[in-house]
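> My file is upload_13.pdb. It has PDB, C-alpha atoms, pLDDT in the B column:
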MODEL        1
ATOM      1  CA  MET A   2      -6.062  -9.787  -1.752  1.00 48.00           C
ATOM      2  CA  ALA A   3      -9.196 -11.852  -2.311  1.00 53.00           C
ATOM      3  CA  LYS A   4      -9.838 -14.616   0.253  1.00 59.00           C
ATOM      4  CA  PHE A   5     -11.576 -17.914  -0.352  1.00 60.00           C
ATOM      5  CA  PRO A   6     -12.633 -20.041   2.635  1.00 59.00           C
ATOM      6  CA  LYS A   7     -12.933 -23.163   0.489  1.00 68.00           C
ATOM      7  CA  LEU A   8     -11.035 -24.456  -2.531  1.00 71.00           C
ATOM      8  CA  LYS A   9     -14.284 -24.880  -4.467  1.00 76.00           C
ATOM      9  CA  ASP A  10     -14.937 -21.127  -4.127  1.00 79.00           C
ATOM     10  CA  PHE A  11     -11.491 -20.359  -5.501  1.00 76.00           C
ATOM     11  CA  CYS A  12     -12.029 -22.829  -8.362  1.00 79.00           C
ATOM     12  CA  LYS A  13     -15.339 -21.218  -9.221  1.00 82.00           C
ATOM     13  CA  ALA A  14     -13.733 -17.771  -9.297  1.00 83.00           C
ATOM     14  CA  THR A  15     -10.837 -18.863 -11.519  1.00 81.00           C
ATOM     15  CA  GLY A  16     -12.757 -21.207 -13.787  1.00 82.00           C
ATOM     16  CA  TYR A  17     -10.495 -24.209 -13.176  1.00 77.00           C
ATOM     17  CA  THR A  18     -11.473 -27.465 -11.472  1.00 78.00           C
ATOM     18  CA  GLU A  19     -10.157 -28.835  -8.189  1.00 75.00           C
ATOM     19  CA  LEU A  20      -8.621 -31.720 -10.139  1.00 71.00           C
ATOM     20  CA  ILE A  21      -6.453 -29.326 -12.134  1.00 69.00           C
ATOM     21  CA  TYR A  22      -5.137 -27.672  -8.971  1.00 67.00           C
ATOM     22  CA  ARG A  23      -4.497 -31.064  -7.369  1.00 66.00           C
ATOM     23  CA  GLN A  24      -2.523 -32.165 -10.439  1.00 60.00           C
ATOM     24  CA  ILE A  25      -0.421 -28.992 -10.315  1.00 61.00           C
ATOM     25  CA  GLU A  26       0.146 -29.517  -6.593  1.00 59.00           C
ATOM     26  CA  ASP A  27       1.379 -33.110  -7.014  1.00 53.00           C
ATOM     27  CA  GLY A  28       3.515 -32.240 -10.030  1.00 50.00           C
ATOM     28  CA  SER A  29       1.595 -34.252 -12.641  1.00 50.00           C
ATOM     29  CA  SER A  30       0.500 -31.077 -14.433  1.00 54.00           C
ATOM     30  CA  ASN A  31       1.864 -27.558 -14.893  1.00 57.00           C
ATOM     31  CA  MET A  32       0.393 -24.089 -14.563  1.00 64.00           C
ATOM     32  CA  SER A  33       0.336 -22.287 -17.895  1.00 68.00           C
ATOM     33  CA  ARG A  34       0.939 -18.565 -18.168  1.00 69.00           C
ATOM     34  CA  LYS A  35      -2.706 -18.066 -19.126  1.00 75.00           C
ATOM     35  CA  MET A  36      -3.796 -19.847 -15.974  1.00 75.00           C
ATOM     36  CA  ALA A  37      -1.295 -17.895 -13.867  1.00 75.00           C
ATOM     37  CA  GLU A  38      -2.656 -14.625 -15.255  1.00 80.00           C
ATOM     38  CA  LYS A  39      -6.213 -15.647 -14.341  1.00 81.00           C
ATOM     39  CA  VAL A  40      -5.226 -16.747 -10.829  1.00 80.00           C
ATOM     40  CA  ALA A  41      -3.196 -13.571 -10.297  1.00 79.00           C
ATOM     41  CA  LYS A  42      -6.176 -11.454 -11.310  1.00 82.00           C
ATOM     42  CA  VAL A  43      -8.516 -13.277  -8.936  1.00 79.00           C
ATOM     43  CA  LEU A  44      -6.014 -12.978  -6.073  1.00 76.00           C
ATOM     44  CA  ASP A  45      -5.266  -9.337  -6.905  1.00 77.00           C
ATOM     45  CA  LEU A  46      -1.579 -10.103  -7.466  1.00 74.00           C
ATOM     46  CA  ASP A  47       0.906  -9.162 -10.129  1.00 73.00           C
ATOM     47  CA  VAL A  48       1.390 -12.191 -12.373  1.00 69.00           C
ATOM     48  CA  SER A  49       5.141 -11.876 -11.812  1.00 65.00           C
ATOM     49  CA  ASP A  50       4.515 -12.833  -8.166  1.00 59.00           C
ATOM     50  CA  LEU A  51       3.432 -16.248  -9.445  1.00 61.00           C
ATOM     51  CA  LEU A  52       5.871 -16.642 -12.315  1.00 55.00           C
ATOM     52  CA  ASP A  53       9.118 -15.275 -10.918  1.00 51.00           C
ATOM     53  CA  GLY A  54       9.681 -17.943  -8.258  1.00 46.00           C
ATOM     54  CA  SER A  55      10.080 -17.474  -4.542  1.00 40.00           C
ATOM     55  CA  ASP A  56      11.633 -14.773  -2.412  1.00 38.00           C
ATOM     56  CA  HIS A  57      14.542 -17.069  -1.574  1.00 39.00           C
ATOM     57  CA  PRO A  58      17.733 -16.024  -3.396  1.00 38.00           C
ATOM     58  CA  PRO A  59      18.658 -18.388  -6.238  1.00 39.00           C
ATOM     59  CA  ALA A  60      21.975 -20.204  -6.296  1.00 36.00           C
ATOM     60  CA  ASN A  61      24.472 -18.900  -8.815  1.00 37.00           C
ATOM     61  CA  GLY A  62      24.873 -20.735 -12.096  1.00 38.00           C
ATOM     62  CA  LEU A  63      21.692 -22.798 -11.945  1.00 39.00           C
ATOM     63  CA  HIS A  64      18.552 -22.651 -14.076  1.00 42.00           C
ATOM     64  CA  HIS A  65      15.751 -21.242 -11.949  1.00 44.00           C
ATOM     65  CA  GLY A  66      12.085 -20.468 -12.316  1.00 44.00           C
ATOM     66  CA  THR A  67       8.675 -21.062 -10.815  1.00 44.00           C
ATOM     67  CA  VAL A  68       8.132 -24.544  -9.412  1.00 46.00           C
ATOM     68  CA  GLY A  69       5.692 -26.544 -11.532  1.00 48.00           C
ATOM     69  CA  GLU A  70       5.945 -24.255 -14.566  1.00 51.00           C
ATOM     70  CA  THR A  71       7.183 -25.638 -17.876  1.00 53.00           C
ATOM     71  CA  PRO A  72      10.542 -24.041 -18.819  1.00 51.00           C
ATOM     72  CA  GLU A  73      10.633 -22.138 -22.086  1.00 55.00           C
ATOM     73  CA  LEU A  74      13.074 -24.562 -23.682  1.00 56.00           C
ATOM     74  CA  LYS A  75      13.017 -26.164 -27.118  1.00 60.00           C
ATOM     75  CA  MET A  76      13.161 -29.868 -26.292  1.00 57.00           C
ATOM     76  CA  PRO A  77      13.756 -32.817 -28.653  1.00 64.00           C
ATOM     77  CA  PRO A  78      10.690 -34.938 -29.482  1.00 72.00           C
ATOM     78  CA  GLY A  79       9.629 -37.085 -26.536  1.00 69.00           C
ATOM     79  CA  GLN A  80      11.677 -35.059 -24.044  1.00 71.00           C
ATOM     80  CA  LYS A  81      10.177 -32.909 -21.271  1.00 74.00           C
ATOM     81  CA  ALA A  82      11.478 -30.473 -18.685  1.00 74.00           C
ATOM     82  CA  ARG A  83       9.907 -29.191 -15.489  1.00 73.00           C
ATOM     83  CA  PHE A  84      10.926 -26.908 -12.641  1.00 75.00           C
ATOM     84  CA  VAL A  85      11.182 -28.825  -9.349  1.00 81.00           C
ATOM     85  CA  PRO A  86      11.877 -27.429  -5.834  1.00 81.00           C
ATOM     86  CA  LEU A  87      15.559 -26.696  -5.160  1.00 83.00           C
ATOM     87  CA  LEU A  88      16.638 -27.257  -1.545  1.00 81.00           C
ATOM     88  CA  SER A  89      19.890 -27.199   0.375  1.00 78.00           C
ATOM     89  CA  MET A  90      21.127 -30.067   2.553  1.00 78.00           C
ATOM     90  CA  ALA A  91      20.148 -28.008   5.615  1.00 71.00           C
ATOM     91  CA  GLN A  92      16.615 -27.468   4.311  1.00 67.00           C
ATOM     92  CA  CYS A  93      16.341 -31.151   3.519  1.00 69.00           C
ATOM     93  CA  GLY A  94      17.388 -31.946   7.080  1.00 67.00           C
ATOM     94  CA  ARG A  95      14.476 -29.948   8.460  1.00 65.00           C
ATOM     95  CA  MET A  96      11.946 -31.883   6.382  1.00 63.00           C
ATOM     96  CA  MET A  97      10.145 -34.571   8.377  1.00 53.00           C
ATOM     97  CA  ALA A  98       9.381 -36.075   4.967  1.00 54.00           C
ATOM     98  CA  TYR A  99       8.695 -34.664   1.541  1.00 56.00           C
ATOM     99  CA  ASP A 100       5.850 -32.155   1.747  1.00 53.00           C
ATOM    100  CA  ASP A 101       4.540 -29.081  -0.027  1.00 48.00           C
ATOM    101  CA  SER A 102       6.723 -26.723   2.014  1.00 51.00           C
ATOM    102  CA  ALA A 103       9.352 -27.496  -0.613  1.00 49.00           C
ATOM    103  CA  TYR A 104       7.353 -25.395  -3.043  1.00 48.00           C
ATOM    104  CA  ASP A 105       8.290 -22.262  -1.091  1.00 48.00           C
ATOM    105  CA  HIS A 106      11.754 -22.491  -2.622  1.00 53.00           C
ATOM    106  CA  SER A 107      13.361 -21.785  -5.975  1.00 65.00           C
ATOM    107  CA  GLY A 108      12.927 -24.107  -8.931  1.00 70.00           C
ATOM    108  CA  PHE A 109      15.530 -26.198 -10.768  1.00 77.00           C
ATOM    109  CA  ILE A 110      15.056 -27.569 -14.278  1.00 77.00           C
ATOM    110  CA  ALA A 111      14.656 -31.348 -14.248  1.00 79.00           C
ATOM    111  CA  LEU A 112      14.771 -33.257 -17.535  1.00 77.00           C
ATOM    112  CA  ASN A 113      12.182 -36.009 -17.936  1.00 79.00           C
ATOM    113  CA  PRO A 114      11.382 -36.289 -14.214  1.00 83.00           C
ATOM    114  CA  LYS A 115       9.566 -39.559 -13.478  1.00 88.00           C
ATOM    115  CA  ASP A 116       8.422 -38.612  -9.977  1.00 87.00           C
ATOM    116  CA  GLY A 117       5.697 -35.994  -9.600  1.00 83.00           C
ATOM    117  CA  LYS A 118       7.195 -35.075  -6.208  1.00 85.00           C
ATOM    118  CA  ALA A 119      10.797 -34.865  -7.415  1.00 88.00           C
ATOM    119  CA  PHE A 120      12.996 -32.197  -5.885  1.00 88.00           C
ATOM    120  CA  ALA A 121      16.568 -31.038  -6.420  1.00 88.00           C
ATOM    121  CA  LEU A 122      19.206 -30.754  -3.728  1.00 87.00           C
ATOM    122  CA  THR A 123      22.405 -28.694  -3.674  1.00 87.00           C
ATOM    123  CA  LEU A 124      25.027 -31.069  -2.283  1.00 89.00           C
ATOM    124  CA  ALA A 125      27.646 -30.469   0.402  1.00 86.00           C
ATOM    125  CA  GLY A 126      30.499 -32.496   1.886  1.00 86.00           C
ATOM    126  CA  ASP A 127      33.353 -34.432   0.309  1.00 89.00           C
ATOM    127  CA  SER A 128      32.524 -38.060   1.157  1.00 92.00           C
ATOM    128  CA  MET A 129      31.530 -38.791  -2.452  1.00 93.00           C
ATOM    129  CA  ILE A 130      34.421 -37.162  -4.322  1.00 92.00           C
ATOM    130  CA  PRO A 131      35.695 -37.467  -6.995  1.00 91.00           C
ATOM    131  CA  ASP A 132      32.445 -38.750  -8.561  1.00 92.00           C
ATOM    132  CA  ILE A 133      30.148 -36.287  -6.782  1.00 92.00           C
ATOM    133  CA  ARG A 134      31.419 -32.930  -5.526  1.00 90.00           C
ATOM    134  CA  PRO A 135      30.170 -30.171  -3.204  1.00 88.00           C
ATOM    135  CA  GLY A 136      27.976 -27.778  -5.175  1.00 87.00           C
ATOM    136  CA  ASP A 137      26.640 -30.468  -7.524  1.00 90.00           C
ATOM    137  CA  THR A 138      22.858 -30.764  -7.746  1.00 90.00           C
ATOM    138  CA  ALA A 139      21.055 -34.067  -7.155  1.00 92.00           C
ATOM    139  CA  LEU A 140      17.624 -34.873  -8.574  1.00 92.00           C
ATOM    140  CA  VAL A 141      15.781 -36.846  -5.880  1.00 93.00           C
ATOM    141  CA  TYR A 142      12.744 -39.125  -6.293  1.00 94.00           C
ATOM    142  CA  PRO A 143      10.972 -39.309  -2.889  1.00 91.00           C
ATOM    143  CA  SER A 144       8.167 -41.525  -4.214  1.00 91.00           C
ATOM    144  CA  PHE A 145      10.589 -44.233  -5.395  1.00 94.00           C
ATOM    145  CA  PRO A 146      12.215 -46.944  -3.210  1.00 95.00           C
ATOM    146  CA  PRO A 147      16.016 -46.970  -2.845  1.00 96.00           C
ATOM    147  CA  LYS A 148      17.910 -49.674  -4.750  1.00 96.00           C
ATOM    148  CA  ASN A 149      20.990 -51.590  -3.653  1.00 97.00           C
ATOM    149  CA  GLY A 150      24.114 -50.083  -5.161  1.00 97.00           C
ATOM    150  CA  GLY A 151      22.397 -46.770  -5.885  1.00 97.00           C
ATOM    151  CA  VAL A 152      23.096 -43.302  -4.524  1.00 96.00           C
ATOM    152  CA  VAL A 153      20.626 -42.057  -1.929  1.00 96.00           C
ATOM    153  CA  ILE A 154      19.863 -39.095   0.289  1.00 94.00           C
ATOM    154  CA  ALA A 155      19.125 -40.486   3.755  1.00 93.00           C
ATOM    155  CA  ARG A 156      17.986 -38.747   6.931  1.00 92.00           C
ATOM    156  CA  LEU A 157      18.565 -40.408  10.284  1.00 92.00           C
ATOM    157  CA  ASN A 158      15.806 -40.017  12.842  1.00 90.00           C
ATOM    158  CA  ASP A 159      16.313 -37.620  15.723  1.00 88.00           C
ATOM    159  CA  ASP A 160      17.310 -40.407  18.133  1.00 91.00           C
ATOM    160  CA  HIS A 161      20.323 -41.065  15.887  1.00 90.00           C
ATOM    161  CA  GLY A 162      21.304 -37.434  15.307  1.00 88.00           C
ATOM    162  CA  GLY A 163      19.027 -36.420  12.437  1.00 88.00           C
ATOM    163  CA  ASP A 164      21.916 -36.098   9.963  1.00 89.00           C
ATOM    164  CA  VAL A 165      21.273 -35.942   6.211  1.00 90.00           C
ATOM    165  CA  MET A 166      23.776 -37.964   4.180  1.00 92.00           C
ATOM    166  CA  LEU A 167      24.548 -38.583   0.521  1.00 94.00           C
ATOM    167  CA  LYS A 168      25.787 -42.173   0.277  1.00 96.00           C
ATOM    168  CA  LEU A 169      25.831 -45.450  -1.633  1.00 97.00           C
ATOM    169  CA  TYR A 170      23.020 -47.693  -0.374  1.00 98.00           C
ATOM    170  CA  GLN A 171      22.974 -51.383   0.450  1.00 98.00           C
ATOM    171  CA  GLN A 172      20.280 -53.189   2.426  1.00 97.00           C
ATOM    172  CA  SER A 173      20.077 -56.830   3.552  1.00 97.00           C
ATOM    173  CA  GLY A 174      17.054 -57.612   5.670  1.00 96.00           C
ATOM    174  CA  ASN A 175      16.835 -54.799   8.222  1.00 96.00           C
ATOM    175  CA  ASN A 176      20.549 -53.998   7.982  1.00 98.00           C
ATOM    176  CA  VAL A 177      21.515 -50.909   5.987  1.00 98.00           C
ATOM    177  CA  THR A 178      25.082 -50.094   4.978  1.00 98.00           C
ATOM    178  CA  LEU A 179      25.948 -46.610   3.718  1.00 97.00           C
ATOM    179  CA  SER A 180      29.294 -46.215   1.996  1.00 96.00           C
ATOM    180  CA  SER A 181      31.223 -43.493   0.181  1.00 95.00           C
ATOM    181  CA  TYR A 182      33.185 -43.085  -3.035  1.00 95.00           C
ATOM    182  CA  ASN A 183      35.885 -41.342  -0.990  1.00 93.00           C
ATOM    183  CA  PRO A 184      37.980 -44.096   0.701  1.00 93.00           C
ATOM    184  CA  ALA A 185      38.712 -41.752   3.619  1.00 93.00           C
ATOM    185  CA  PHE A 186      35.124 -42.357   4.813  1.00 93.00           C
ATOM    186  CA  PRO A 187      34.521 -45.940   6.056  1.00 94.00           C
ATOM    187  CA  PRO A 188      31.142 -47.669   5.564  1.00 96.00           C
ATOM    188  CA  MET A 189      28.504 -47.139   8.237  1.00 96.00           C
ATOM    189  CA  SER A 190      25.993 -49.726   9.441  1.00 97.00           C
ATOM    190  CA  PHE A 191      22.444 -49.005  10.615  1.00 97.00           C
ATOM    191  CA  GLN A 192      19.050 -50.587  11.093  1.00 97.00           C
ATOM    192  CA  ARG A 193      16.360 -49.505   8.633  1.00 96.00           C
ATOM    193  CA  SER A 194      14.351 -48.150  11.576  1.00 96.00           C
ATOM    194  CA  ASP A 195      17.197 -45.715  12.328  1.00 97.00           C
ATOM    195  CA  PHE A 196      16.126 -43.591   9.357  1.00 95.00           C
ATOM    196  CA  LEU A 197      13.317 -41.104   9.002  1.00 92.00           C
ATOM    197  CA  TRP A 198      13.497 -41.524   5.232  1.00 93.00           C
ATOM    198  CA  ILE A 199      15.778 -42.732   2.431  1.00 96.00           C
ATOM    199  CA  TYR A 200      15.267 -41.323  -1.081  1.00 95.00           C
ATOM    200  CA  PRO A 201      17.033 -42.444  -4.278  1.00 96.00           C
ATOM    201  CA  VAL A 202      19.055 -39.973  -6.346  1.00 96.00           C
ATOM    202  CA  ALA A 203      18.013 -40.158 -10.001  1.00 94.00           C
ATOM    203  CA  ALA A 204      20.711 -37.892 -11.466  1.00 92.00           C
ATOM    204  CA  VAL A 205      23.503 -35.511 -10.467  1.00 92.00           C
ATOM    205  CA  THR A 206      24.219 -32.271 -12.346  1.00 87.00           C
ATOM    206  CA  ARG A 207      27.468 -30.312 -12.224  1.00 80.00           C
ATOM    207  CA  ILE A 208      27.798 -26.712 -13.390  1.00 68.00           C
ATOM    208  CA  LEU A 209      31.119 -26.396 -15.248  1.00 60.00           C
TER     209      LEU A 209
ENDMDL
END
Would you give me this structure, written as structure tokens?


Amino acid sequence: MAKFPKLKDFCKATGYTELIYRQIEDGSSNMSRKMAEKVAKVLDLDVSDLLDGSDHPPANGLHHGTVGETPELKMPPGQKARFVPLLSMAQCGRMMAYDDSAYDHSGFIALNPKDGKAFALTLAGDSMIPDIRPGDTALVYPSFPPKNGGVVIARLNDDHGGDVMLKLYQQSGNNVTLSSYNPAFPPMSFQRSDFLWIYPVAAVTRIL
């Protein structure tokens, strides 16, 4: 495999600018098949290594593909779709914050994603039933602030256990209350500083 000590050397070899690669990296642009074929040739790879997703096994029943690639779907005018990283709750718990390690995982089709760093999350637990069930997939916007009354994915910092939770969010000053749709789970109170991060959920998908 060809090696390039600097990004500018790789860009020169492929014929694409650094800006294009940065836009693909942050999710604001997608890698076309033509571009993938050129990159694969330069790196001495089979193009399928770039277009077939990761080595992680895909979850059953979900639409998968290569993260950042545009799905081959016929969309209505003004509508767009993009593959975003698909993580599990456990993988999300290991993230110190959103970072590019998410791109090592399978892709999930997101419709009209507004966040260039959006990722999808396979949900677990029954605190949000009947509205949200284990196995549903949440589309998460890590670049957006959480809103009162909205559903969030929140990770406590390590001093408070490091748990990842799917909850309804309410904040007043520094006080954060996380509650559940399931009445068997009482509301929980925290300080905002108790969390490593809190990301809003933009949509939840269920495979019927």

> Figure out the distance between atom CA of A:Leu157 and atom CA of A:Met129, please, to one decimal in Å.

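Atom CA of A:Met129 sits 18.2 Å away from atom CA of A:Leu157.
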
> Could you list the residues chosen by the PyMOL selection byres ((chain A and resi 189) around 9) in this structure as a list in words?

Val177, Thr178, Leu179, Ser180, Phe186, Pro187, Pro188, Ser190 and Phe191 of chain A

> List the residues selected by the PyMOL selection byres ((chain A and resi 110) around 7) in the file shown, writing them as a compact mmCIF listing (two decimals) with C-alpha atoms, keeping the file's coordinate frame.


# COMPACT_ATOMS: atom_id res chain seq x y z
CA HIS A 64 18.55 -22.65 -14.08
CA HIS A 65 15.75 -21.24 -11.95
CA ALA A 82 11.48 -30.47 -18.68
CA ARG A 83 9.91 -29.19 -15.49
CA PHE A 84 10.93 -26.91 -12.64
CA VAL A 85 11.18 -28.82 -9.35
CA GLY A 108 12.93 -24.11 -8.93
CA PHE A 109 15.53 -26.20 -10.77
CA ALA A 111 14.66 -31.35 -14.25
CA LEU A 112 14.77 -33.26 -17.54

> Calculate how many Å separate atom CA of A:Glu38 from atom CA of A:Gly117, rounding to one decimal.

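Between atom CA of A:Glu38 and atom CA of A:Gly117 the gap is 23.6 Å.
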
> Ranking A:Ile133, A:Val40, A:Met166, A:Met90 by minimum distance to A:Thr206 and counting only C-alpha atoms, which one comes first?

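Ranked by minimum distance to A:Thr206, first place goes to A:Ile133.
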
> I'd like to know which of A:Lys81, A:Lys13, A:Arg156, A:Lys168 is closest to A:Asp132, using only C-alpha atoms.

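Among A:Lys81, A:Lys13, A:Arg156, A:Lys168, it is A:Lys168 that comes nearest to A:Asp132.
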
> Report, in Å with one decimal, the straight-line distance from atom CA of A:Met36 to atom CA of A:Gly16.

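Separation of atom CA of A:Met36 and atom CA of A:Gly16: 9.3 Å.
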
> Box in all listed atoms of stretch 186-205 of chain A, axis-aligned, with 3 Å more on each side; write out centre and edge lengths in Å to one decimal as AutoDock Vina command-line options.


--center_x 24.2 --center_y -43.0 --center_z 0.4 --size_x 27.8 --size_y 21.1 --size_z 29.8

> Might you pull out every residue within 12 Å of A:Val152, with only C-alpha atoms counted and same-chain residues fewer than 3 positions away left off, and present them as a PyMOL selection string?

chain A and resi 129+132-133+139-142+146-149+155+166-171+178-182+199-205

> Within 10 Å of stretch 194-196 of chain A, counting only C-alpha atoms, which residues qualify if same-chain residues fewer than 5 places away don't, as a PyMOL selection string?

chain A and resi 155-165+175-177

> Name the residues that the PyMOL selection byres ((chain A and resi 14) around 12) picks from the file above, as a list of chain:residue names, using the file's chain letters and numbers.

A:Ala3, A:Lys4, A:Phe5, A:Lys7, A:Leu8, A:Lys9, A:Asp10, A:Phe11, A:Cys12, A:Lys13, A:Thr15, A:Gly16, A:Tyr17, A:Thr18, A:Glu19, A:Lys39, A:Val40, A:Ala41, A:Lys42, A:Val43, A:Leu44

> Between A:Gln80, A:Ser128, A:Ser89, A:Gln192, which one has atoms that come closest to A:Gln172, using only C-alpha atoms?

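Of A:Gln80, A:Ser128, A:Ser89, A:Gln192, the one nearest A:Gln172, counting only C-alpha atoms, is A:Gln192.
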